[in-house]
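> Could you have a look at this structure, given as C-alpha cells, before my questions?
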2 protein chains.
Amino acid sequence: MRSLILPALLLATPLHAQLLSPEDLERADELRTLAQESALAWELLEDLTVEVGPRMAGSAGDARGVAWGEARFKALGFDRVALEPVTFPAWRRGAERATLVGPYGLDLAVTALGGSVGTPEAGITAPLVRFATLADLDAAPDGSLEGRIAYIGNRMARASDGSGYGPAVQARARGASIAAQKGASALVIRSIGTDDNRTPHTGVMSYIPGYARIPAAAISNPDADVIDGLFDRGSIPRLTLALDVGPAGEYTSHNVIGEIRGSERPEEIVLIGCHLDSWDLGMGVLDDGAGCAVTMAAAKLIREHAGAPSRTIRVVLFANEEQGLWGARAYRDAHLDDLDHHIIGAESDFGAGRIYRFSTRFAPEAFGLADQFARALAPLGIVRGDNNAFGGADISPMRAAGMAVATLHQDGTHYFDYHHTSNDTLDKVDRENLAQNVAAWTVFTWLAAQAPGDFGKGLGEAAAAN
Amino acid sequence: MRSLILPALLLATPLHAQLLSPEDLERADELRTLAQESALAWELLEDLTVEVGPRMAGSAGDARGVAWGEARFKALGFDRVALEPVTFPAWRRGAERATLVGPYGLDLAVTALGGSVGTPEAGITAPLVRFATLADLDAAPDGSLEGRIAYIGNRMARASDGSGYGPAVQARARGASIAAQKGASALVIRSIGTDDNRTPHTGVMSYIPGYARIPAAAISNPDADVIDGLFDRGSIPRLTLALDVGPAGEYTSHNVIGEIRGSERPEEIVLIGCHLDSWDLGMGVLDDGAGCAVTMAAAKLIREHAGAPSRTIRVVLFANEEQGLWGARAYRDAHLDDLDHHIIGAESDFGAGRIYRFSTRFAPEAFGLADQFARALAPLGIVRGDNNAFGGADISPMRAAGMAVATLHQDGTHYFDYHHTSNDTLDKVDRENLAQNVAAWTVFTWLAAQAPGDFGKGLGEAAAAN
C-alpha cells in the first residue's frame, strides 16, 4: 500500500507533468483483456431482463429495479451500497388507441408521449392537419387548427452518432404546446425513430406553461406512411385518439449507488453509471439496462482483478432519467457539499453498440492523461475524439457544476430503431460488442481512478458555449 | 390477326415438337424490358395499402378489398370482370392479453391464432409447462397438463426458400388439440417467425374433431425468450391469457376475377393470381397484396403492349386463403365443368422478394417449352428449377384435379420476419424487386398464353408422391 501522503505530493507538482505510471498502464492492458473475456455484463443484463423487465419511473418495475440494483451490488461485493431518494410526479399509461375512421377504419399502432394528458374516454375524433416539421406547425396562424388534430410527419434520419435525433425530437418535446397555441385538440407525430416496425416510439414531452394541455401521441413509421399516403392523394384522414393516460401522483424512487472504495484517495470520486429506469413499452435493455450492466461489471472487474483503486469508483444507477433527469438532479442536490470531490464522470446510455471514439472535456493540463487513456483504449478499435464531450444526460448537472467528463461514443446506427419502443429487448444486444464496452469502461475507469492530479474543473460553462 | 385455324394445326403435331415461335419469344423479351420499367404494380400495391388496408376474411376490409379488386380490374381495362361467391365461417378478433403474473407482472406481446376459441372474460390463469417441440408435447402423458397452460418454444429457422416454416408451423396448426388431449387449459406458442420484433405472428389453427377446444395464442420471439429465460433459471412462469375472439357466423366473400380474353383459343385459360384476403394485424402487403399487384400488372402489361394473347389470361384474386383455401376450393367447385380448359396455373404468394428460380410440373413432352420459358426468364437472374413445382396454395385444388403448374420462386429470407404480423406493411417492399417480379410474371404468362399445345394433364397425384 502506498503512503497516504502521495496524493498531496503529486498535487504539488505542475499539472502537465502528471502522468499515469507504467504499472497502472500495464494493469489497464491486463484489465482490458480480462474484461473482453468476461460474461459478467451479459449475465447482469439477462438477469435484469428476465427478473425485472420494464422499469418505468413510478411503476412497480421501478421498485423491482431498485431492489435488483441494490441486491446485485451487494452480491458483487461492492464496498458500499446505498439508496438515495428521488421524488417526482409519476405518470401512468393505460389503454391507448388511434383509429383512422375515414376514409376507412384502421387501427394504428400508437403510443402516448410520456407526460401527456389523456383524452375523454370516448376519445377525440377530428380531421388531421399535416405539417412536415415543427417549424411548419409553428408558422400556422393562431387558432387555425380549431377542431383539428395536428399531425407532424418529420422522419428522423439514421446516423451512427444519433445526430438525427436532436432535430427530429423537438416535434415530440414541444409539439403539443405549439399545436395547442394554434387551437388543435390533440397532437399526433410520426415516431421519432429510424425503424420501419409497427412499434411506436414513446418519450417525454412537456407542456409550455400558459398553453392549453392537449393530448399527444406518436404513431409508428409504417402508420405514418399510411397517413402521409392519404394526404398525398388529397384525402383528409380523420382520427379517433383515445388515451387513458395521465398524472399519477408523487412517487419516491431511488438512485442506487455501489462503490468500490479508494485506497489512497477515497474521498475523490470517479463517477460512472447509467439510468435504471426505462420506458414501459420495452424491457429497457438498450435504454439503459446495458449501460448499467457495463458500468457495474467494469467496477466489479477492477475490484476483483486490480484490487482497491487509488480513488473511489462510484457507480450510480440513476432514477427517472426518462422523464426529466430527476435522479441526476436529486443526486446533484444531495451532493452539493462534495461536488468538488467528483473528479470525473461519464455515463453509458446509448445502447450496446461498439465504442468507436473516446472524447473528453478536460483542462488542457490534463491532455497528457487523455492521450494515455486513448492509447490504452486504442486496441479496442477506439479512436481519440475531441475535447467537447457531453458525458451523458445524467452526468450533465454535475458537468454544469464543473466536473470534468468523458464520453465513450457508441455506434448508434440501430439504436433509434428500438429506442423507447416495445422492441427494446435482449435479443438486440450483441454479446461481443457488450464485452468490448465493458473492456473500454474498465480501462477508462481504472485509469481515471489511478490518474495523478485531476482533469480540471469548471469546464461546464465553457463547454456549453463550444 | 392470325388465322383461328392455327391452334388446331399445332395440336395435330406431336407434343414434343411444339415450341414457341421466334416472334412470341421476341415479344417476351420486349415485355420483360417494359415490365421492369413499369411502376404499375407498385402503384396498385400502394393504392391497396392506403385505400383498403387489412383484409381479414369476413371483416369490413374483406368487402373493401373485393370492391377494390373489381374496380381496379375495370379501370385497367380487363375484358371481363366477375365476382364469384365464397362462403365460409367467419372468425373475429377482439381484445387479447397475456400477462406474466409470476414471478412478476409483465404484459407480453400476444395474438390469438386464427380460429381459436376465446377464454372466459377474466382470462385463464395457470402455470406454464414448457415443451421444446410439438413432438415433445405429444409425448406427454394424457391428463398430465390439468390446470396448466402448454407452452411450445420451437423457433423457426431462417431460410431463403422458407423451408423452416413447414416443420415449425405444426405447433401452431395442431398444437391446441394435442395440448387439450394432455389436459391443458390453453396453448401458447413461440411465434412461427424468424424475426426478433415484439410483433407476434398469427395464422390459422384447427381443432381435431373429438378433442376439447382450448384457446390458442402466439407470443413474440422476444417474449418467448423471456419465458424461456425464466424456465432456464428454474422459475415456473404463471400466465393470464385473456382472448376475446371466436366464431362470428357465416360470411360470403368473393373471388375477384379479371380476364384478358384470348384471341385464338379464348376457351383455354392461363390461370394466375394471388389471394386478396390477409390477416388483420398488418396491411397484407407481403401476404399477399404484392402477389395481387404483380399478377394484375403482368396481365395488364401484356394486354397493353402485346394485344390480345392467344389463350385467355385469367387473374383470380382468391378469397380467404388464410383460413383454409376457401376461395380456391370454391373456385374449383364452381369450375368443375371446365377444369379441363385450365391449361396451366401459378400463384404469387410469397412476398415481394426477387424471383430466383423457375420450376414446373409439366408432362415430359412440354419440357421443351419449359426450356424456352427458362431462357426468357434468365436475363432476370432466374435459374431453371426442377419439375416438382407446387404452384401455390390457391392453385393446389386445380393442380390436384390435373392442371399443370409452375412456380416462380421468390427469395423469402425475410418473408417470415413479417408474415402474419402487424409489420406486414408497404415499407417492406423494394420497388426494384417488385418490378423484377412483374417482369418475370409477364414473361411467364405471355409465353403460357402463346405456347402451342399444352403442358400435360393429371400430374397432380404423381407430384404429391414425389
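Following the order of the C-alpha cells, first chain is A, next is B, and so on, with residues numbered from 1 inside each chain and ligands from 1 in the order they appear.
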Would you mind listing, for every residue of chain B within 8 Å of chain A, the two atoms forming the shortest contact and the distance between them in Å to one decimal, using only C-alpha atoms, sorted by chain and ascending residue number, as JSON lines?

```
{"residue": "B:Thr49", "atom": "CA", "partner": "A:Val226", "partner_atom": "CA", "distance": 7.4}
{"residue": "B:Val50", "atom": "CA", "partner": "A:Val226", "partner_atom": "CA", "distance": 5.6}
{"residue": "B:Glu51", "atom": "CA", "partner": "A:Tyr104", "partner_atom": "CA", "distance": 7.6}
{"residue": "B:Val52", "atom": "CA", "partner": "A:Tyr104", "partner_atom": "CA", "distance": 7.4}
{"residue": "B:Gly53", "atom": "CA", "partner": "A:Leu106", "partner_atom": "CA", "distance": 7.1}
{"residue": "B:Pro54", "atom": "CA", "partner": "A:Leu106", "partner_atom": "CA", "distance": 7.8}
{"residue": "B:Pro103", "atom": "CA", "partner": "A:Glu51", "partner_atom": "CA", "distance": 7.7}
{"residue": "B:Tyr104", "atom": "CA", "partner": "A:Val52", "partner_atom": "CA", "distance": 7.4}
{"residue": "B:Leu106", "atom": "CA", "partner": "A:Gly53", "partner_atom": "CA", "distance": 7.2}
{"residue": "B:Asp196", "atom": "CA", "partner": "A:Asp427", "partner_atom": "CA", "distance": 6.7}
{"residue": "B:Asn197", "atom": "CA", "partner": "A:Asn423", "partner_atom": "CA", "distance": 5.8}
{"residue": "B:Arg198", "atom": "CA", "partner": "A:Asn423", "partner_atom": "CA", "distance": 5.5}
{"residue": "B:Thr199", "atom": "CA", "partner": "A:Arg198", "partner_atom": "CA", "distance": 7.8}
{"residue": "B:Pro222", "atom": "CA", "partner": "A:Thr425", "partner_atom": "CA", "distance": 6.5}
{"residue": "B:Val226", "atom": "CA", "partner": "A:Val50", "partner_atom": "CA", "distance": 5.6}
{"residue": "B:Gly229", "atom": "CA", "partner": "A:Val50", "partner_atom": "CA", "distance": 6.2}
{"residue": "B:Leu230", "atom": "CA", "partner": "A:Val50", "partner_atom": "CA", "distance": 6.4}
{"residue": "B:Ser422", "atom": "CA", "partner": "A:Arg198", "partner_atom": "CA", "distance": 6.3}
{"residue": "B:Asn423", "atom": "CA", "partner": "A:Arg198", "partner_atom": "CA", "distance": 5.5}
{"residue": "B:Thr425", "atom": "CA", "partner": "A:Pro222", "partner_atom": "CA", "distance": 6.5}
{"residue": "B:Leu426", "atom": "CA", "partner": "A:Pro222", "partner_atom": "CA", "distance": 7.4}
{"residue": "B:Asp427", "atom": "CA", "partner": "A:Pro222", "partner_atom": "CA", "distance": 6.7}
{"residue": "B:Lys428", "atom": "CA", "partner": "A:Asp196", "partner_atom": "CA", "distance": 7.8}
```
> Pick out the residues sitting within 6 Å of Ile344 (chain B), and hand them over as a ChimeraX atom specification; count only C-alpha atoms, and ignore anything fewer than 2 positions along from it in its own chain.
/B:270,342,403-405
> Could you pull out the residues in region 360-402 of chain B that DSSP calls strand (DSSP E) from the backbone, as a ChimeraX atom specification?
/B:360-361,383-384
> Select, from A:His275, A:His341, A:Arg238, A:Arg375, the residue with the minimum atom-to-atom distance to Leu325 (chain A), counting only C-alpha atoms.
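Among A:His275, A:His341, A:Arg238, A:Arg375, it is A:His275 that comes nearest to Leu325 (chain A).
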> Taking 4 positions as the minimum chain separation for residues in the same chain, which residues sit within 12 Å of Leu459 (chain B) when counting only C-alpha atoms? Answer as a list in words.
Ile344, Thr360, Arg361, Phe362, Ala363, Pro364, Asn387, Asn388, Ala389, Phe390, Ser396, Met398, Arg399, Ala400, Ala401, Gly402, Met403, Ala404, Val405, Ala406, Phe455, Ala463, Ala464, Ala465 and Asn466 of chain B
> Would you mind listing what lies within 8 Å of Glu121 (chain B) as a ChimeraX atom specification, with only C-alpha atoms counted and same-chain residues fewer than 4 positions away left out?
/B:242-244
> Using the selection just defined, write its residues with all heavy atoms as a PDB file, in the first residue's frame.

```pdb
ATOM      1  N   ALA B 242     -56.085 -13.874 -21.775  1.00  0.00           N
ATOM      2  CA  ALA B 242     -57.468 -13.401 -21.969  1.00  0.00           C
ATOM      3  C   ALA B 242     -57.661 -13.064 -23.440  1.00  0.00           C
ATOM      4  O   ALA B 242     -57.057 -12.117 -23.950  1.00  0.00           O
ATOM      5  CB  ALA B 242     -57.739 -12.186 -21.086  1.00  0.00           C
ATOM      6  N   LEU B 243     -58.471 -13.836 -24.116  1.00  0.00           N
ATOM      7  CA  LEU B 243     -58.696 -13.668 -25.551  1.00  0.00           C
ATOM      8  C   LEU B 243     -60.186 -13.495 -25.817  1.00  0.00           C
ATOM      9  O   LEU B 243     -60.978 -14.408 -25.558  1.00  0.00           O
ATOM     10  CB  LEU B 243     -58.197 -14.893 -26.325  1.00  0.00           C
ATOM     11  CG  LEU B 243     -56.744 -15.323 -26.127  1.00  0.00           C
ATOM     12  CD1 LEU B 243     -56.472 -16.626 -26.891  1.00  0.00           C
ATOM     13  CD2 LEU B 243     -55.782 -14.233 -26.573  1.00  0.00           C
ATOM     14  N   ASP B 244     -60.523 -12.330 -26.347  1.00  0.00           N
ATOM     15  CA  ASP B 244     -61.914 -12.092 -26.754  1.00  0.00           C
ATOM     16  C   ASP B 244     -61.996 -12.337 -28.261  1.00  0.00           C
ATOM     17  O   ASP B 244     -61.991 -11.407 -29.067  1.00  0.00           O
ATOM     18  CB  ASP B 244     -62.313 -10.650 -26.402  1.00  0.00           C
ATOM     19  CG  ASP B 244     -63.687 -10.296 -26.937  1.00  0.00           C
ATOM     20  OD1 ASP B 244     -64.482 -11.222 -27.197  1.00  0.00           O
ATOM     21  OD2 ASP B 244     -63.958  -9.091 -27.112  1.00  0.00           O
TER      22      ASP B 244
END
```
> May I ask which of the residues A:Leu76, A:Gly102, A:Leu83, A:Thr240 is the closest one to Val256 (chain A), counting only C-alpha atoms?
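Looking at the shortest contact to Val256 (chain A), the residue is A:Leu83.
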> What residues in region 208-377 of chain B get the DSSP label helix (DSSP H, G or I)? Please answer as a PyMOL selection string.
chain B and resi 221-232+285-306+326-334+336-341+364-377
> Residues within 7 Å of region 154-171 of chain A, please, as a PyMOL selection string. Count only C-alpha atoms; anything in the same chain fewer than 3 positions from it doesn't count.
chain A and resi 132-134+174-175+190+192-194+411-413
> Would you save the residues of that selection, restricted to all heavy atoms, as a CSV table (one decimal), in the first residue's frame?

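Saved the output as out-v4.csv:
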```
chain,number,residue,atom,x,y,z
A,132,ALA,N,-45.1,19.2,-42.1
A,132,ALA,CA,-43.9,18.5,-42.4
A,132,ALA,C,-43.0,18.5,-41.2
A,132,ALA,O,-42.3,17.5,-40.9
A,132,ALA,CB,-43.2,19.0,-43.6
A,133,THR,N,-42.9,19.6,-40.5
A,133,THR,CA,-42.0,19.8,-39.4
A,133,THR,C,-42.7,20.6,-38.3
A,133,THR,O,-43.7,21.3,-38.5
A,133,THR,CB,-40.7,20.5,-39.8
A,133,THR,OG1,-41.0,21.8,-40.2
A,133,THR,CG2,-40.0,19.8,-41.0
A,134,LEU,N,-42.0,20.6,-37.1
A,134,LEU,CA,-42.5,21.5,-36.0
A,134,LEU,C,-42.5,23.0,-36.5
A,134,LEU,O,-43.4,23.7,-36.1
A,134,LEU,CB,-41.6,21.3,-34.8
A,134,LEU,CG,-42.0,22.2,-33.6
A,134,LEU,CD1,-43.4,21.8,-33.1
A,134,LEU,CD2,-41.0,22.0,-32.5
A,174,ARG,N,-41.9,19.5,-27.8
A,174,ARG,CA,-42.6,20.8,-27.7
A,174,ARG,C,-43.8,20.9,-28.5
A,174,ARG,O,-44.5,21.9,-28.5
A,174,ARG,CB,-41.6,21.9,-28.0
A,174,ARG,CG,-40.3,21.9,-27.2
A,174,ARG,CD,-39.5,23.2,-27.4
A,174,ARG,NE,-39.2,23.4,-28.8
A,174,ARG,CZ,-39.5,24.4,-29.5
A,174,ARG,NH1,-40.3,25.4,-29.0
A,174,ARG,NH2,-39.1,24.5,-30.8
A,175,GLY,N,-44.1,19.9,-29.4
A,175,GLY,CA,-45.1,20.0,-30.4
A,175,GLY,C,-46.5,20.2,-29.8
A,175,GLY,O,-47.3,21.0,-30.4
A,190,ARG,N,-45.3,11.5,-36.2
A,190,ARG,CA,-44.6,10.3,-36.7
A,190,ARG,C,-43.5,10.0,-35.6
A,190,ARG,O,-42.9,10.9,-35.1
A,190,ARG,CB,-43.9,10.6,-38.0
A,190,ARG,CG,-43.1,9.5,-38.6
A,190,ARG,CD,-42.3,9.9,-39.8
A,190,ARG,NE,-43.1,9.9,-41.0
A,190,ARG,CZ,-43.3,8.9,-41.8
A,190,ARG,NH1,-42.7,7.7,-41.6
A,190,ARG,NH2,-44.0,9.0,-42.9
A,192,ILE,N,-40.4,9.3,-33.4
A,192,ILE,CA,-39.0,9.7,-33.5
A,192,ILE,C,-38.2,8.4,-33.5
A,192,ILE,O,-37.7,8.0,-32.4
A,192,ILE,CB,-38.7,10.7,-32.4
A,192,ILE,CG1,-39.7,11.8,-32.3
A,192,ILE,CG2,-37.3,11.2,-32.6
A,192,ILE,CD1,-39.9,12.6,-33.6
A,193,GLY,N,-37.9,7.8,-34.6
A,193,GLY,CA,-37.2,6.6,-34.7
A,193,GLY,C,-36.9,6.3,-36.1
A,193,GLY,O,-37.5,6.8,-37.1
A,194,THR,N,-35.9,5.4,-36.3
A,194,THR,CA,-35.3,5.1,-37.6
A,194,THR,C,-35.8,3.8,-38.3
A,194,THR,O,-35.4,3.5,-39.3
A,194,THR,CB,-33.8,5.1,-37.6
A,194,THR,OG1,-33.4,4.3,-36.5
A,194,THR,CG2,-33.2,6.5,-37.3
A,411,ASP,N,-21.5,3.1,-31.3
A,411,ASP,CA,-22.2,3.1,-32.6
A,411,ASP,C,-23.7,3.0,-32.4
A,411,ASP,O,-24.2,2.0,-31.8
A,411,ASP,CB,-21.7,1.9,-33.4
A,411,ASP,CG,-22.4,1.8,-34.8
A,411,ASP,OD1,-23.3,2.6,-35.1
A,411,ASP,OD2,-22.0,0.9,-35.6
A,412,GLY,N,-24.4,4.0,-32.8
A,412,GLY,CA,-25.8,4.1,-32.6
A,412,GLY,C,-26.6,3.9,-33.9
A,412,GLY,O,-27.7,4.4,-33.9
A,413,THR,N,-26.0,3.3,-34.9
A,413,THR,CA,-26.7,3.2,-36.2
A,413,THR,C,-28.1,2.6,-36.0
A,413,THR,O,-29.0,3.0,-36.7
A,413,THR,CB,-25.8,2.3,-37.1
A,413,THR,OG1,-24.5,2.8,-37.2
A,413,THR,CG2,-26.5,2.2,-38.5
```
> What is the CA of Ser21 (chain A)-CA of Gly258 (chain A) distance in Å, reported with one decimal?
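Distance reported for this atom pair: 26.9 Å.
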> Which residues are close to Ala293 (chain B), i.e. within 9 Å by only C-alpha atoms, leaving aside same-chain residues fewer than 5 positions away? Reply as JSON, numbers by chain.
{"B": [40, 41, 42, 43, 44, 45, 48, 274, 288, 298, 438]}
> Could you tell me how far CA of Glu259 (chain B) lies from CA of Arg354 (chain B), in Å and to one decimal?
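Interatomic distance here is 25.7 Å.
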> Quick one: everything within 10 Å of Gly246 (chain B), counting only C-alpha atoms, minus sequence neighbours fewer than 2 positions away in the same chain. Send it as a list in words.
Ala90, Trp91, Arg92, Arg93, Gly94, Ala112, Gly114, Gly115, Ser116, Val117, Gly118, Thr119, Pro215, Leu243, Asp244, Ala248 and Gly249 of chain B
> At what distance in Å, to one decimal, does CA of Gln450 (chain B) lie from CA of Pro397 (chain B)?
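CA of Gln450 (chain B) lies at a distance of 24.3 Å from CA of Pro397 (chain B).
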